[in-house]
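Undergrad: See protein.pdb below, with PDB, C-alpha atoms and all ligand atoms.
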MODEL        1
ATOM      1  CA  MET E1254       0.000   0.000   0.000  1.00  0.00           C
ATOM      2  CA  SER E1255       1.472   3.322  -0.999  1.00  0.00           C
ATOM      3  CA  SER E1256       1.190   6.381   1.183  1.00  0.00           C
ATOM      4  CA  THR E1257       0.521   9.318  -1.076  1.00  0.00           C
ATOM      5  CA  ALA E1258      -0.441  12.662   0.339  1.00  0.00           C
ATOM      6  CA  LEU E1259      -3.964  13.611  -0.513  1.00  0.00           C
ATOM      7  CA  PRO E1260      -4.504  17.163  -1.681  1.00  0.00           C
ATOM      8  CA  THR E1261      -5.936  19.300   1.068  1.00  0.00           C
ATOM      9  CA  SER E1262      -8.194  22.260   0.585  1.00  0.00           C
ATOM     10  CA  THR E1263      -7.533  25.540   2.277  1.00  0.00           C
ATOM     11  CA  PRO E1264     -10.345  27.961   3.064  1.00  0.00           C
ATOM     12  CA  VAL E1265     -10.407  31.373   1.458  1.00  0.00           C
ATOM     13  CA  VAL E1266      -9.864  33.904   4.193  1.00  0.00           C
ATOM     14  CA  ILE E1267     -11.123  37.426   3.619  1.00  0.00           C
ATOM     15  CA  SER E1268     -11.553  40.241   6.071  1.00  0.00           C
ATOM     16  CA  ILE E1269     -14.903  41.427   7.392  1.00  0.00           C
ATOM     17  CA  SER E1270     -14.734  44.677   5.432  1.00  0.00           C
ATOM     18  CA  ARG E1271     -13.991  42.821   2.207  1.00  0.00           C
ATOM     19  CA  SER E1272     -16.788  40.380   2.886  1.00  0.00           C
ATOM     20  CA  TYR E1273     -19.189  43.304   3.293  1.00  0.00           C
ATOM     21  CA  ILE E1274     -18.181  44.540  -0.156  1.00  0.00           C
ATOM     22  CA  TRP E1275     -18.924  41.104  -1.643  1.00  0.00           C
ATOM     23  CA  LEU E1276     -22.196  40.761   0.241  1.00  0.00           C
ATOM     24  CA  VAL E1277     -23.456  44.216  -0.714  1.00  0.00           C
ATOM     25  CA  SER E1278     -22.403  43.702  -4.344  1.00  0.00           C
ATOM     26  CA  ALA E1279     -24.237  40.370  -4.478  1.00  0.00           C
ATOM     27  CA  MET E1280     -27.291  41.951  -2.868  1.00  0.00           C
ATOM     28  CA  ILE E1281     -27.352  44.787  -5.418  1.00  0.00           C
ATOM     29  CA  LEU E1282     -27.007  42.359  -8.321  1.00  0.00           C
ATOM     30  CA  ALA E1283     -29.712  40.078  -6.901  1.00  0.00           C
ATOM     31  CA  LEU E1284     -32.123  42.936  -6.272  1.00  0.00           C
ATOM     32  CA  GLY E1285     -31.489  44.238  -9.795  1.00  0.00           C
ATOM     33  CA  ALA E1286     -32.197  40.825 -11.289  1.00  0.00           C
ATOM     34  CA  TYR E1287     -35.288  40.469  -9.100  1.00  0.00           C
ATOM     35  CA  TYR E1288     -36.558  43.885 -10.145  1.00  0.00           C
ATOM     36  CA  PHE E1289     -35.962  43.472 -13.865  1.00  0.00           C
ATOM     37  CA  ILE E1290     -37.394  39.955 -13.962  1.00  0.00           C
ATOM     38  CA  GLY E1291     -40.312  40.372 -11.607  1.00  0.00           C
ATOM     39  CA  VAL E1292     -41.382  43.992 -11.396  1.00  0.00           C
ATOM     40  CA  ASP E1293     -40.160  46.042 -14.360  1.00  0.00           C
ATOM     41  CA  GLU E1294     -43.234  46.438 -16.526  1.00  0.00           C
ATOM     42  CA  GLY E1295     -45.517  49.228 -17.655  1.00  0.00           C
ATOM     43  CA  ALA E1296     -45.640  52.250 -15.346  1.00  0.00           C
ATOM     44  CA  THR E1297     -42.799  50.957 -13.151  1.00  0.00           C
ATOM     45  CA  SER E1298     -40.465  50.413 -16.087  1.00  0.00           C
ATOM     46  CA  VAL E1299     -37.024  51.973 -15.671  1.00  0.00           C
ATOM     47  CA  PHE E1300     -36.556  52.588 -19.390  1.00  0.00           C
ATOM     48  CA  GLY E1301     -39.830  54.337 -20.074  1.00  0.00           C
ATOM     49  CA  ASN E1302     -42.476  52.633 -22.141  1.00  0.00           C
ATOM     50  CA  SER E1303     -40.121  50.401 -24.103  1.00  0.00           C
ATOM     51  CA  MET E1304     -40.786  46.730 -23.487  1.00  0.00           C
ATOM     52  CA  VAL E1305     -37.235  45.649 -24.307  1.00  0.00           C
ATOM     53  CA  VAL E1306     -36.306  44.527 -20.797  1.00  0.00           C
ATOM     54  CA  HIS E1307     -39.691  42.928 -20.257  1.00  0.00           C
ATOM     55  CA  GLU E1308     -39.484  40.959 -23.476  1.00  0.00           C
ATOM     56  CA  PHE E1309     -35.876  39.955 -22.779  1.00  0.00           C
ATOM     57  CA  VAL E1310     -36.743  38.388 -19.398  1.00  0.00           C
ATOM     58  CA  HIS E1311     -40.264  37.319 -20.335  1.00  0.00           C
ATOM     59  CA  ASP E1312     -39.644  33.564 -20.268  1.00  0.00           C
ATOM     60  CA  ALA E1313     -37.803  33.814 -16.949  1.00  0.00           C
ATOM     61  CA  ARG E1314     -40.739  35.792 -15.544  1.00  0.00           C
ATOM     62  CA  HIS E1315     -43.199  33.072 -16.488  1.00  0.00           C
ATOM     63  CA  PHE E1316     -40.857  30.292 -15.374  1.00  0.00           C
ATOM     64  CA  LEU E1317     -40.479  31.849 -11.917  1.00  0.00           C
ATOM     65  CA  GLY E1318     -44.211  32.447 -11.545  1.00  0.00           C
ATOM     66  CA  PHE E1319     -44.302  36.229 -11.498  1.00  0.00           C
ATOM     67  CA  PRO E1320     -47.615  37.713 -12.672  1.00  0.00           C
ATOM     68  CA  CYS E1321     -47.386  38.978 -16.216  1.00  0.00           C
ATOM     69  CA  HIS E1322     -50.396  39.039 -18.509  1.00  0.00           C
TER      70      HIS E1322
HETATM   71 ZN    ZN E1401     -46.017  37.088 -20.073  1.00  0.00          ZN
ENDMDL
END
Please lay out the structure from this file as structure tokens.
TA:
Amino acid sequence: MSSTALPTSTPVVISISRSYIWLVSAMILALGAYYFIGVDEGATSVFGNSMVVHEFVHDARHFLGFPCH
């Protein structure tokens, strides 16, 4: 039986302040995705009356069960 060293994993260590940056960035991206997929339509549309964003995420909206039409 051979004794080979197994590769060990080391955890990624980041500081609290850096983790806040990552957490806030992820939260902003998630809220943006949530808004554009689930809410952005009609009067609440960010880009005026154009339905470009709505049409782009339309299948995702239906797949996730957001009310649409
Ligand atoms: Zn629809």
Undergrad: Counting only C-alpha atoms and all ligand atoms, what are the residues, protein, DNA or RNA alike, that approach ligand ZN 1401 (chain E) to within 8 Å? I want them as an mmCIF file with C-alpha atoms, in the frame of the given file.
TA:
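In the end it all went to selection-v1.cif:
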data_model
loop_
_atom_site.group_PDB
_atom_site.id
_atom_site.type_symbol
_atom_site.label_atom_id
_atom_site.label_comp_id
_atom_site.auth_asym_id
_atom_site.auth_seq_id
_atom_site.Cartn_x
_atom_site.Cartn_y
_atom_site.Cartn_z
ATOM 1 C CA HIS E 1311 -40.264 37.319 -20.335
ATOM 2 C CA ASP E 1312 -39.644 33.564 -20.268
ATOM 3 C CA ARG E 1314 -40.739 35.792 -15.544
ATOM 4 C CA HIS E 1315 -43.199 33.072 -16.488
ATOM 5 C CA PRO E 1320 -47.615 37.713 -12.672
ATOM 6 C CA CYS E 1321 -47.386 38.978 -16.216
ATOM 7 C CA HIS E 1322 -50.396 39.039 -18.509
#
Undergrad: Just to confirm, what's the straight-line distance from CA of Val1306 in chain E to CA of Phe1289 in chain E in Å (one decimal)?
TA: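 Interatomic distance, CA of Val1306 in chain E to CA of Phe1289 in chain E: 7.0 Å.
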Undergrad: One decimal, Å: what's the distance from CA of Gly1285 in chain E over to CA of Val1299 in chain E, could you say?
TA: 11.2 Å
Undergrad: Could you state the separation of CA of Glu1294 in chain E and CA of Phe1319 in chain E in Å, given to one decimal place?
TA: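 One can read the CA of Glu1294 in chain E to CA of Phe1319 in chain E distance as 11.4 Å.
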Undergrad: Which centre and which edge lengths, in Å to one decimal, describe the axis-aligned box that holds all listed atoms of range 1303-1306 of chain E after 5 Å is added on each side, as JSON?
TA:
{"center_x": -38.5, "center_y": 47.5, "center_z": -22.6, "size_x": 14.5, "size_y": 15.9, "size_z": 13.5}
Undergrad: List the neighbours of Leu1317 in chain E out to 9 Å using only C-alpha atoms; skip same-chain residues closer than 4 positions along the sequence, and give me the result as a count of residues only.
TA: 4
